[in-house]
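Shown next: structure.csv, given as CSV, C-alpha atoms and all ligand atoms.
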chain,number,residue,atom,x,y,z
A,1,MET,CA,63.1,126.9,65.9
A,2,LYS,CA,62.4,123.2,65.8
A,3,THR,CA,59.2,121.7,67.2
A,4,ASP,CA,59.6,118.5,69.1
A,5,THR,CA,57.9,115.8,67.0
A,6,THR,CA,58.3,113.1,69.6
A,7,SER,CA,56.2,114.6,72.4
A,8,LEU,CA,53.1,112.7,71.3
A,9,ASN,CA,54.8,109.5,72.5
A,10,LEU,CA,52.7,107.2,70.4
A,11,PRO,CA,53.9,104.1,68.6
A,12,ILE,CA,55.0,104.7,65.0
A,13,GLU,CA,52.9,101.8,63.8
A,14,ASN,CA,49.8,100.7,65.6
A,15,PRO,CA,47.2,99.1,63.3
A,16,GLU,CA,45.2,98.2,66.3
A,17,ALA,CA,44.3,101.7,67.5
A,18,GLU,CA,41.6,101.7,70.2
A,19,ASP,CA,38.6,101.4,67.9
A,20,PHE,CA,35.7,102.3,70.1
A,21,LEU,CA,33.7,103.9,67.3
A,22,PRO,CA,34.5,102.0,64.9
A,23,ILE,CA,34.5,103.9,61.7
A,24,LEU,CA,33.3,101.9,58.7
A,25,GLY,CA,34.6,104.4,56.1
A,26,THR,CA,34.3,107.9,54.8
A,27,ASP,CA,30.5,108.5,54.2
A,28,PHE,CA,30.8,111.8,52.3
A,29,VAL,CA,32.8,115.0,52.0
A,30,GLU,CA,30.7,118.1,51.9
A,31,LEU,CA,32.0,121.4,50.5
A,32,TYR,CA,30.4,124.8,51.0
A,33,VAL,CA,30.7,126.5,47.6
A,34,GLY,CA,29.6,129.7,46.1
A,35,ASN,CA,27.8,128.1,43.2
A,36,ALA,CA,27.0,124.5,43.7
A,37,LYS,CA,25.3,124.0,40.4
A,38,GLN,CA,28.5,124.9,38.5
A,39,ALA,CA,30.8,123.1,40.9
A,40,ALA,CA,28.7,120.0,40.4
A,41,TYR,CA,29.2,120.4,36.6
A,42,TYR,CA,33.0,120.6,37.2
A,43,TYR,CA,33.1,117.4,39.3
A,44,GLN,CA,30.9,115.6,36.8
A,45,THR,CA,32.7,116.7,33.6
A,46,ALA,CA,36.3,117.0,34.7
A,47,TRP,CA,36.3,114.2,37.4
A,48,GLY,CA,33.7,111.8,36.2
A,49,PHE,CA,31.4,111.9,39.2
A,50,LYS,CA,27.8,110.7,38.7
A,51,PRO,CA,24.8,112.7,39.8
A,52,ILE,CA,23.2,110.8,42.7
A,53,ALA,CA,20.9,113.0,44.8
A,54,TYR,CA,19.6,116.6,45.1
A,55,ALA,CA,17.9,118.7,47.7
A,56,GLY,CA,16.8,122.3,47.1
A,57,LEU,CA,13.7,124.4,46.4
A,58,GLU,CA,12.1,121.6,44.5
A,59,THR,CA,12.4,119.2,47.6
A,60,GLY,CA,11.1,121.8,50.1
A,61,LYS,CA,14.4,123.3,51.1
A,62,LYS,CA,14.1,127.1,51.4
A,63,ASN,CA,17.6,128.3,52.2
A,64,THR,CA,20.2,125.9,50.7
A,65,VAL,CA,20.7,123.7,47.7
A,66,SER,CA,22.9,120.5,47.8
A,67,TYR,CA,24.1,118.2,45.0
A,68,VAL,CA,25.4,114.7,45.8
A,69,LEU,CA,27.8,113.1,43.4
A,70,GLN,CA,29.4,109.7,43.5
A,71,GLN,CA,32.2,107.8,41.9
A,72,ASP,CA,32.8,104.3,43.1
A,73,LYS,CA,33.1,104.8,46.9
A,74,ILE,CA,33.7,108.5,46.9
A,75,ARG,CA,30.7,110.7,47.7
A,76,LEU,CA,30.9,114.5,47.4
A,77,VAL,CA,28.2,116.9,48.5
A,78,LEU,CA,28.2,120.5,47.2
A,79,THR,CA,26.1,123.0,49.1
A,80,SER,CA,25.3,126.6,48.4
A,81,PRO,CA,23.1,129.1,50.2
A,82,LEU,CA,20.1,130.5,48.4
A,83,GLU,CA,19.8,133.8,50.4
A,84,PRO,CA,22.2,136.3,52.0
A,85,GLY,CA,23.5,136.0,55.5
A,86,GLY,CA,23.8,132.9,57.7
A,87,ASP,CA,26.5,130.4,58.5
A,88,ILE,CA,27.2,129.1,55.0
A,89,ASN,CA,27.7,132.5,53.5
A,90,GLU,CA,29.9,133.4,56.4
A,91,HIS,CA,31.9,130.2,55.8
A,92,ILE,CA,32.4,131.0,52.1
A,93,ASN,CA,33.2,134.6,52.8
A,94,LYS,CA,35.9,133.7,55.2
A,95,HIS,CA,37.4,130.5,53.7
A,96,GLY,CA,36.3,130.6,50.0
A,97,ASP,CA,35.0,127.3,48.8
A,98,GLY,CA,36.1,124.5,51.1
A,99,VAL,CA,35.4,121.3,53.0
A,100,LYS,CA,32.9,121.8,55.8
A,101,TYR,CA,32.1,118.2,56.7
A,102,ILE,CA,34.1,115.1,56.7
A,103,ALA,CA,31.3,112.6,57.4
A,104,LEU,CA,32.3,109.3,58.8
A,105,TRP,CA,30.1,106.2,58.3
A,106,VAL,CA,29.4,104.4,61.6
A,107,ASP,CA,27.1,101.7,63.0
A,108,ASP,CA,25.9,103.9,65.8
A,109,ALA,CA,26.0,107.7,65.6
A,110,THR,CA,24.6,108.1,69.1
A,111,LYS,CA,27.4,106.0,70.6
A,112,SER,CA,30.0,107.7,68.4
A,113,TYR,CA,28.9,111.1,69.7
A,114,LYS,CA,28.8,110.0,73.3
A,115,GLU,CA,32.2,108.3,73.2
A,116,THR,CA,33.9,111.2,71.5
A,117,THR,CA,32.3,114.0,73.5
A,118,LYS,CA,33.1,112.1,76.7
A,119,ARG,CA,36.7,112.1,75.7
A,120,GLY,CA,36.7,115.8,75.1
A,121,ALA,CA,35.3,116.5,71.6
A,122,LYS,CA,33.4,119.7,71.2
A,123,SER,CA,29.9,119.0,70.2
A,124,TYR,CA,28.6,120.3,66.8
A,125,CYS,CA,25.2,118.6,66.9
A,126,GLU,CA,23.7,116.0,69.2
A,127,PRO,CA,22.4,112.8,67.6
A,128,TYR,CA,19.2,113.4,65.6
A,129,THR,CA,17.1,111.2,63.4
A,130,ILE,CA,15.9,112.2,60.0
A,131,GLU,CA,13.3,110.2,58.1
A,132,ASP,CA,11.5,109.9,54.8
A,133,SER,CA,9.7,107.2,52.9
A,134,ASN,CA,13.0,105.4,52.3
A,135,GLY,CA,13.8,104.9,56.0
A,136,LYS,CA,15.7,106.8,58.6
A,137,ALA,CA,19.2,107.8,59.4
A,138,VAL,CA,20.9,109.2,62.6
A,139,ILE,CA,23.4,112.0,62.4
A,140,SER,CA,25.6,113.6,65.1
A,141,GLY,CA,28.7,115.8,64.8
A,142,ILE,CA,31.8,117.1,66.6
A,143,HIS,CA,34.2,119.9,65.7
A,144,THR,CA,37.7,119.2,64.5
A,145,TYR,CA,40.4,121.7,63.3
A,146,GLY,CA,39.4,125.1,62.1
A,147,GLU,CA,35.7,125.2,61.2
A,148,THR,CA,35.8,121.7,59.9
A,149,VAL,CA,33.3,119.2,61.3
A,150,HIS,CA,33.1,115.4,61.6
A,151,LEU,CA,29.6,114.1,61.2
A,152,PHE,CA,28.8,110.6,62.3
A,153,VAL,CA,26.3,109.0,59.9
A,154,GLU,CA,24.3,105.9,60.8
A,155,ARG,CA,22.4,104.7,57.7
A,156,LYS,CA,21.7,101.0,58.2
A,157,ASP,CA,17.9,101.7,58.2
A,158,TYR,CA,18.0,104.0,55.2
A,159,HIS,CA,17.6,102.8,51.6
A,160,GLY,CA,17.2,106.0,49.6
A,161,PRO,CA,19.6,107.7,47.2
A,162,PHE,CA,21.6,109.5,49.8
A,163,LEU,CA,19.9,110.7,53.1
A,164,PRO,CA,16.3,111.5,54.1
A,165,GLY,CA,15.2,114.8,52.4
A,166,TYR,CA,17.1,114.2,49.2
A,167,LYS,CA,15.5,113.0,46.0
A,168,VAL,CA,17.2,111.1,43.1
A,169,TRP,CA,19.0,113.6,40.9
A,170,ASP,CA,17.9,112.3,37.6
A,171,LYS,CA,19.9,113.9,34.9
A,172,PRO,CA,20.3,112.8,31.3
A,173,TYR,CA,24.0,113.7,31.3
A,174,ASN,CA,26.2,110.7,31.0
A,175,THR,CA,29.4,111.2,32.9
A,176,LYS,CA,32.2,108.7,32.4
A,177,SER,CA,34.3,107.6,35.3
A,178,THR,CA,38.0,108.6,35.5
A,179,GLY,CA,38.8,105.4,37.5
A,180,ILE,CA,39.1,107.0,41.0
A,181,LYS,CA,37.7,104.6,43.6
A,182,TYR,CA,38.0,105.7,47.2
A,183,ILE,CA,39.5,108.3,49.5
A,184,ASP,CA,42.9,107.1,50.5
A,185,HIS,CA,43.6,109.9,52.9
A,186,MET,CA,42.5,113.5,53.7
A,187,VAL,CA,45.0,116.0,54.9
A,188,GLY,CA,44.4,118.9,57.3
A,189,ASN,CA,46.6,122.0,57.5
A,190,VAL,CA,46.7,123.5,61.0
A,191,GLY,CA,48.5,126.6,62.3
A,192,TRP,CA,51.9,127.0,63.9
A,193,ASN,CA,52.7,124.5,66.7
A,194,GLU,CA,49.2,123.0,66.4
A,195,MET,CA,50.1,119.7,64.8
A,196,ASN,CA,50.6,117.8,68.1
A,197,LYS,CA,47.4,119.3,69.6
A,198,TRP,CA,45.3,117.9,66.7
A,199,CYS,CA,47.2,114.6,66.6
A,200,GLU,CA,46.4,114.2,70.3
A,201,PHE,CA,42.8,115.0,69.5
A,202,TYR,CA,42.6,112.2,67.0
A,203,ALA,CA,44.4,109.9,69.4
A,204,ASN,CA,42.5,110.8,72.6
A,205,VAL,CA,39.1,111.6,71.3
A,206,MET,CA,38.8,109.4,68.2
A,207,GLY,CA,41.0,106.5,69.3
A,208,PHE,CA,43.4,106.9,66.3
A,209,ALA,CA,47.1,106.0,66.4
A,210,GLN,CA,50.0,107.6,64.7
A,211,LEU,CA,51.4,105.9,61.6
A,212,VAL,CA,54.3,108.1,60.6
A,213,SER,CA,55.8,111.5,61.2
A,214,PHE,CA,58.0,113.8,59.1
A,215,ASP,CA,59.8,116.7,60.5
A,216,ASP,CA,61.2,119.8,58.8
A,217,LYS,CA,64.4,117.9,57.9
A,218,ASP,CA,62.4,115.5,55.8
A,219,ILE,CA,60.0,118.0,54.3
A,220,SER,CA,61.9,121.1,53.5
A,221,THR,CA,63.5,122.8,50.5
A,222,GLU,CA,65.7,125.8,50.6
A,223,TYR,CA,62.7,128.0,51.1
A,224,THR,CA,59.7,126.2,52.5
A,225,ALA,CA,59.2,123.7,55.3
A,226,LEU,CA,56.4,121.8,57.0
A,227,MET,CA,55.9,119.1,59.5
A,228,SER,CA,53.5,116.2,59.3
A,229,LYS,CA,52.1,113.3,61.2
A,230,VAL,CA,49.7,110.7,59.9
A,231,MET,CA,46.9,109.6,62.2
A,232,SER,CA,44.9,106.5,61.4
A,233,ASN,CA,41.9,104.7,62.8
A,234,GLY,CA,42.0,101.1,64.0
A,235,ASN,CA,40.9,99.4,60.8
A,236,GLY,CA,43.1,101.7,58.7
A,237,ARG,CA,40.3,102.9,56.5
A,238,ILE,CA,40.6,106.5,57.7
A,239,LYS,CA,44.0,108.2,57.4
A,240,PHE,CA,44.3,111.9,58.4
A,241,PRO,CA,47.7,113.4,58.0
A,242,ILE,CA,48.0,116.7,59.9
A,243,ASN,CA,50.5,119.4,58.6
A,244,GLU,CA,51.8,122.4,60.3
A,245,PRO,CA,54.1,125.1,58.8
A,246,ALA,CA,57.8,125.1,59.7
A,247,HIS,CA,60.3,127.9,59.3
A,248,GLY,CA,62.1,128.2,56.0
A,249,LYS,CA,63.8,131.1,54.2
A,250,LYS,CA,60.4,132.0,52.8
A,251,LYS,CA,56.7,131.4,53.5
A,252,SER,CA,55.8,127.7,54.0
A,253,GLN,CA,53.1,126.4,51.6
A,254,ILE,CA,51.1,125.5,54.7
A,255,GLU,CA,51.2,129.1,55.9
A,256,GLU,CA,50.1,130.3,52.5
A,257,TYR,CA,47.1,127.9,52.8
A,258,ILE,CA,46.3,129.2,56.3
A,259,ASP,CA,46.5,132.8,55.1
A,260,PHE,CA,44.1,132.3,52.2
A,261,TYR,CA,41.8,129.9,54.0
A,262,ASN,CA,41.8,132.1,57.1
A,263,GLY,CA,42.6,129.2,59.4
A,264,ALA,CA,43.0,125.5,59.5
A,265,GLY,CA,41.2,123.3,57.0
A,266,VAL,CA,41.4,120.4,54.6
A,267,GLN,CA,44.4,120.8,52.3
A,268,HIS,CA,44.0,117.8,50.0
A,269,ILE,CA,41.9,114.8,49.3
A,270,ALA,CA,43.9,111.8,48.0
A,271,VAL,CA,41.8,109.6,45.8
A,272,ALA,CA,43.0,106.1,44.8
A,273,THR,CA,43.0,104.5,41.4
A,274,ASP,CA,44.1,101.1,40.0
A,275,ASN,CA,45.7,102.7,37.0
A,276,ILE,CA,47.2,106.1,37.6
A,277,ILE,CA,48.4,106.5,34.0
A,278,GLU,CA,45.0,106.1,32.6
A,279,THR,CA,43.3,108.1,35.3
A,280,VAL,CA,45.7,111.1,35.0
A,281,THR,CA,45.7,111.0,31.2
A,282,ASP,CA,41.9,111.1,31.3
A,283,LEU,CA,41.8,113.9,33.9
A,284,ARG,CA,44.3,116.0,31.9
A,285,ASP,CA,42.3,115.5,28.7
A,286,ARG,CA,39.3,116.9,30.7
A,287,GLY,CA,41.2,120.0,31.8
A,288,VAL,CA,42.3,119.1,35.3
A,289,GLU,CA,45.7,120.8,35.9
A,290,PHE,CA,48.5,119.1,37.8
A,291,LEU,CA,51.7,120.4,39.4
A,292,TYR,CA,54.6,120.5,37.1
A,293,VAL,CA,57.5,118.2,38.1
A,294,PRO,CA,60.9,119.0,36.9
A,295,GLU,CA,62.3,116.7,34.2
A,296,THR,CA,65.4,116.2,36.3
A,297,TYR,CA,63.3,114.3,38.8
A,298,TYR,CA,63.1,111.4,36.4
A,299,GLU,CA,66.9,111.3,35.8
A,300,THR,CA,67.5,109.9,39.3
A,301,VAL,CA,64.2,108.5,40.4
A,302,LEU,CA,64.8,104.9,39.5
A,303,ASP,CA,68.1,104.9,41.4
A,304,ARG,CA,66.1,105.9,44.5
A,305,VAL,CA,63.0,103.6,44.1
A,306,GLY,CA,64.4,100.7,42.1
A,307,GLU,CA,62.5,98.7,39.5
A,308,ILE,CA,58.9,99.4,38.9
A,309,ASP,CA,56.2,97.7,36.7
A,310,GLU,CA,55.4,100.8,34.6
A,311,ASP,CA,57.4,102.4,31.8
A,312,LEU,CA,59.1,105.6,33.0
A,313,ALA,CA,58.2,107.5,29.8
A,314,PRO,CA,54.4,108.0,30.5
A,315,LEU,CA,55.1,108.7,34.2
A,316,LYS,CA,57.5,111.5,33.1
A,317,ASP,CA,55.1,112.7,30.5
A,318,LEU,CA,52.3,113.1,33.0
A,319,GLY,CA,54.5,114.2,35.9
A,320,ILE,CA,53.7,111.3,38.2
A,321,LEU,CA,55.9,110.9,41.2
A,322,ILE,CA,57.3,107.6,42.5
A,323,ASP,CA,58.3,106.5,46.0
A,324,ARG,CA,59.1,103.3,47.8
A,325,ASP,CA,58.9,102.0,51.3
A,326,ASP,CA,59.7,98.6,52.9
A,327,GLU,CA,56.4,97.1,51.6
A,328,GLY,CA,56.3,98.3,48.0
A,329,TYR,CA,56.0,101.4,46.0
A,330,LEU,CA,53.4,104.1,45.2
A,331,LEU,CA,52.7,106.4,42.3
A,332,GLN,CA,51.2,109.8,43.1
A,333,ILE,CA,50.5,113.2,41.5
A,334,PHE,CA,49.0,116.4,42.9
A,335,THR,CA,46.6,118.8,41.1
A,336,LYS,CA,46.9,122.5,41.3
A,337,PRO,CA,44.4,124.1,43.7
A,338,VAL,CA,40.9,123.3,42.3
A,339,LEU,CA,39.5,126.6,43.8
A,340,ASP,CA,40.4,130.2,43.1
A,341,ARG,CA,42.2,130.7,46.4
A,342,PRO,CA,45.4,128.6,46.6
A,343,THR,CA,43.8,126.2,49.2
A,344,MET,CA,42.4,122.8,48.5
A,345,PHE,CA,43.8,120.4,45.9
A,346,PHE,CA,43.5,116.7,45.0
A,347,GLU,CA,46.1,113.9,45.0
A,348,ILE,CA,45.8,110.9,42.8
A,349,ILE,CA,47.5,107.8,44.3
A,350,GLN,CA,48.1,104.3,43.2
A,351,ARG,CA,49.5,102.0,45.8
A,352,LYS,CA,51.6,99.0,44.7
A,353,GLY,CA,52.2,97.6,48.2
A,354,ALA,CA,53.5,100.8,49.8
A,355,LYS,CA,51.6,102.0,52.8
A,356,SER,CA,53.4,105.3,53.2
A,357,PHE,CA,52.6,108.8,51.8
A,358,GLY,CA,55.4,109.6,49.5
A,359,LYS,CA,58.0,111.1,51.9
A,360,GLY,CA,60.8,110.7,49.3
A,361,ASN,CA,58.8,112.9,46.9
A,362,PHE,CA,58.3,115.7,49.3
A,363,LYS,CA,61.4,117.6,48.3
A,364,ALA,CA,60.7,117.3,44.6
A,365,LEU,CA,57.1,118.1,45.1
A,366,PHE,CA,57.7,121.2,47.2
A,367,GLU,CA,60.2,122.6,44.8
A,368,ALA,CA,57.4,122.2,42.2
A,369,ILE,CA,54.9,123.9,44.5
A,370,GLU,CA,57.3,126.8,45.2
A,371,ARG,CA,57.5,127.5,41.5
A,372,GLU,CA,53.7,127.9,41.6
A,373,GLN,CA,53.9,130.1,44.7
A,374,ASP,CA,56.5,132.2,43.1
A,375,LEU,CA,54.2,132.9,40.2
A,376,ARG,CA,51.5,134.0,42.6
A,377,GLY,CA,54.0,136.3,44.4
A,378,THR,CA,53.4,134.6,47.7
A,379,LEU,CA,56.7,132.8,48.2
B,1,FE2,FE,48.7,113.1,50.4

Could you spell out this file's structure in structure tokens?
Amino acid sequence: MKTDTTSLNLPIENPEAEDFLPILGTDFVELYVGNAKQAAYYYQTAWGFKPIAYAGLETGKKNTVSYVLQQDKIRLVLTSPLEPGGDINEHINKHGDGVKYIALWVDDATKSYKETTKRGAKSYCEPYTIEDSNGKAVISGIHTYGETVHLFVERKDYHGPFLPGYKVWDKPYNTKSTGIKYIDHMVGNVGWNEMNKWCEFYANVMGFAQLVSFDDKDISTEYTALMSKVMSNGNGRIKFPINEPAHGKKKSQIEEYIDFYNGAGVQHIAVATDNIIETVTDLRDRGVEFLYVPETYYETVLDRVGEIDEDLAPLKDLGILIDRDDEGYLLQIFTKPVLDRPTMFFEIIQRKGAKSFGKGNFKALFEAIEREQDLRGTL
């Protein structure tokens, strides 16, 4: 069965999507995790995030604890429950560790809420103001795919370490950056035949436009297949590719994700670096595991992408993938899942002009992913 990928009827490239919000950038990504303290140590030690802010028993929170980490423009929040029962435990029980909030930085969280709910977004929380001695912030929220939520964060009147209620997380542990700078894109996996529904959500409710689409002919191997469309906001700072499974001889990697996550959710967070060779070398030295890319990939890659600035040897040694579009090329690599369930992973990306997402690498990548799936007995 082939799903129609043209039904959305949006222009392939529309950098001027109707930007009624507008979104200034990703404010933070919050994961619900089983053990935030140890997860925070992982992101500091393996990824080079710096401790920024903390909220927990010591700050008057009774039920939850949150650690805020930052590296350049990327801000992660890790939250765990401190008692049994409740929404967070339920979320972790159902999904394992995973992204709960993709928080978007806006000028006006009240207007963002009104504009999106008016266009059909399901409310998560109405705008509310939080305050402490460092000022105030306004937060509102709407539901997106699965149990994932978009928060709108208005922080122009706040000057503290993160948000009201958090204190500076002062820790004499010196983490060294791995050179990752900002979130390039965040990918959502949704269920069978749900890609268009969620692309329409981003178009109609958020004013995003579609950048590119791939169908199962682009992204399939002998065994697995998926379809993907990339939705982007007007200023291009927010890019959300949406994947759905497609039929192959065996289980699609998107279906495996949906099975283990128990529904739709964030599949990967792509983080940008200016020097992917240095960043990936550093991450590998710190124990981050990447997908294996077959050596044969490098025998033909330069025929496909043409000349590049980098030597091929270190790219091959690290398993970095290369792709080219009309505007330039990009280098990218994918980690293995960073959680016990085969759900969320990271991508490291360095763009050298290219604005695309590595379509030419999909086949090579998915063959690599299938080898991993095979080892888990879920192919
Ligand atoms: Fe990606």

Within 6 Å of A:Ile142, counting only C-alpha atoms, which residues show up once you throw out same-chain ones fewer than 5 positions away? Write them as a count of residues only, please. 5

Let me see if you get this right: every residue at most 7 Å from ligand FE2 1 (chain B), counting only C-alpha atoms and all ligand atoms, written as a ChimeraX atom specification.
/A:185,187,268,270,347,357

Take atom CA of A:Gly56 and atom CA of A:Lys167 and report the distance between them in Å, one decimal.
->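 Separation of atom CA of A:Gly56 and atom CA of A:Lys167: 9.5 Å.
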
Go through A:Gly287, A:Pro22, A:Gly60, A:Pro337 one by one, measure the shortest atom-to-atom distance of each to A:Thr45 using only C-alpha atoms, and give the residue with the smallest value.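 For A:Thr45, the nearest of the given residues is A:Gly287.
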
Exercise. Using all atoms listed in the file, can you list as a VMD selection string the residues within 9 Å of (23.1, 106.0, 64.6)?
Worked result: chain A and resid 106 to 112 127 to 129 137 to 140 152 to 156

What are the closest atom pairs, with distances in Å to one decimal, for each residue of stretch 131-192 of chain A lying within 9 Å of stretch 243-251 of chain A, using all atoms listed in the file, rows by chain and rising residue number, as a tab-separated table?
residue	atom	partner	partner_atom	distance
A:Val187	CA	A:Asn243	CA	7.4
A:Gly188	CA	A:Asn243	CA	6.3
A:Asn189	CA	A:Asn243	CA	4.8
A:Val190	CA	A:Glu244	CA	5.3
A:Gly191	CA	A:Glu244	CA	5.7
A:Trp192	CA	A:Glu244	CA	5.8

Closest of A:Ser133, A:Gln253, A:Thr148, A:Asn93 to A:Gly34, counting only C-alpha atoms, is A:Asn93

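Distance check against A:Glu90 using all atoms listed in the file: of A:Glu147, A:Asp311, A:Glu115, A:Asp157, the minimum falls on A:Glu147.
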
Could you tell me, as a ChimeraX atom specification, which residues have any atom at most 12 Å from (41.2, 104.6, 42.8), counting only C-alpha atoms? /A:71-74,177-185,270-280,331-332,347-352

TODO: Find the distance between atom CA of A:Val288 and atom CA of A:Val305 and write it in Å to one decimal.
DONE: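 About the pair atom CA of A:Val288 and atom CA of A:Val305: they are 27.3 Å apart.
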
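With distances taken over only C-alpha atoms, A:Leu78 is the one residue among A:Leu379, A:Glu307, A:Leu78, A:Thr117 lying closest to A:Ala40.
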
Margin query: as an MDAnalysis selection string, please: the residues near A:Leu24 (cut-off 10 Å, all atoms listed in the file, same-chain neighbours under 6 positions excluded).
Written below: chainID A and resid 104:107 233 235:238

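You can rank A:Leu330, A:Leu82, A:Ile52, A:Met195 by their closest distance to A:Ser228 using only C-alpha atoms, and at the top of that list sits A:Met195.
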
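Pairwise distance (atom CA of A:Phe201, atom CA of A:Arg119) equals 9.2 Å.
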
When you count all atoms listed in the file, which of these residues is closest to A:Glu367: A:Pro294, A:Pro342, A:Pro51, A:Gly306?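 Checking each of A:Pro294, A:Pro342, A:Pro51, A:Gly306 against A:Glu367, counting all atoms listed in the file, the winner is A:Pro294.
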
Open item on the list: as number ranges by chain, please: the residues near A:Glu58 (cut-off 12 Å, all atoms listed in the file, same-chain neighbours under 3 positions excluded).
Closed with: A: 54-55, 61-66, 165-169
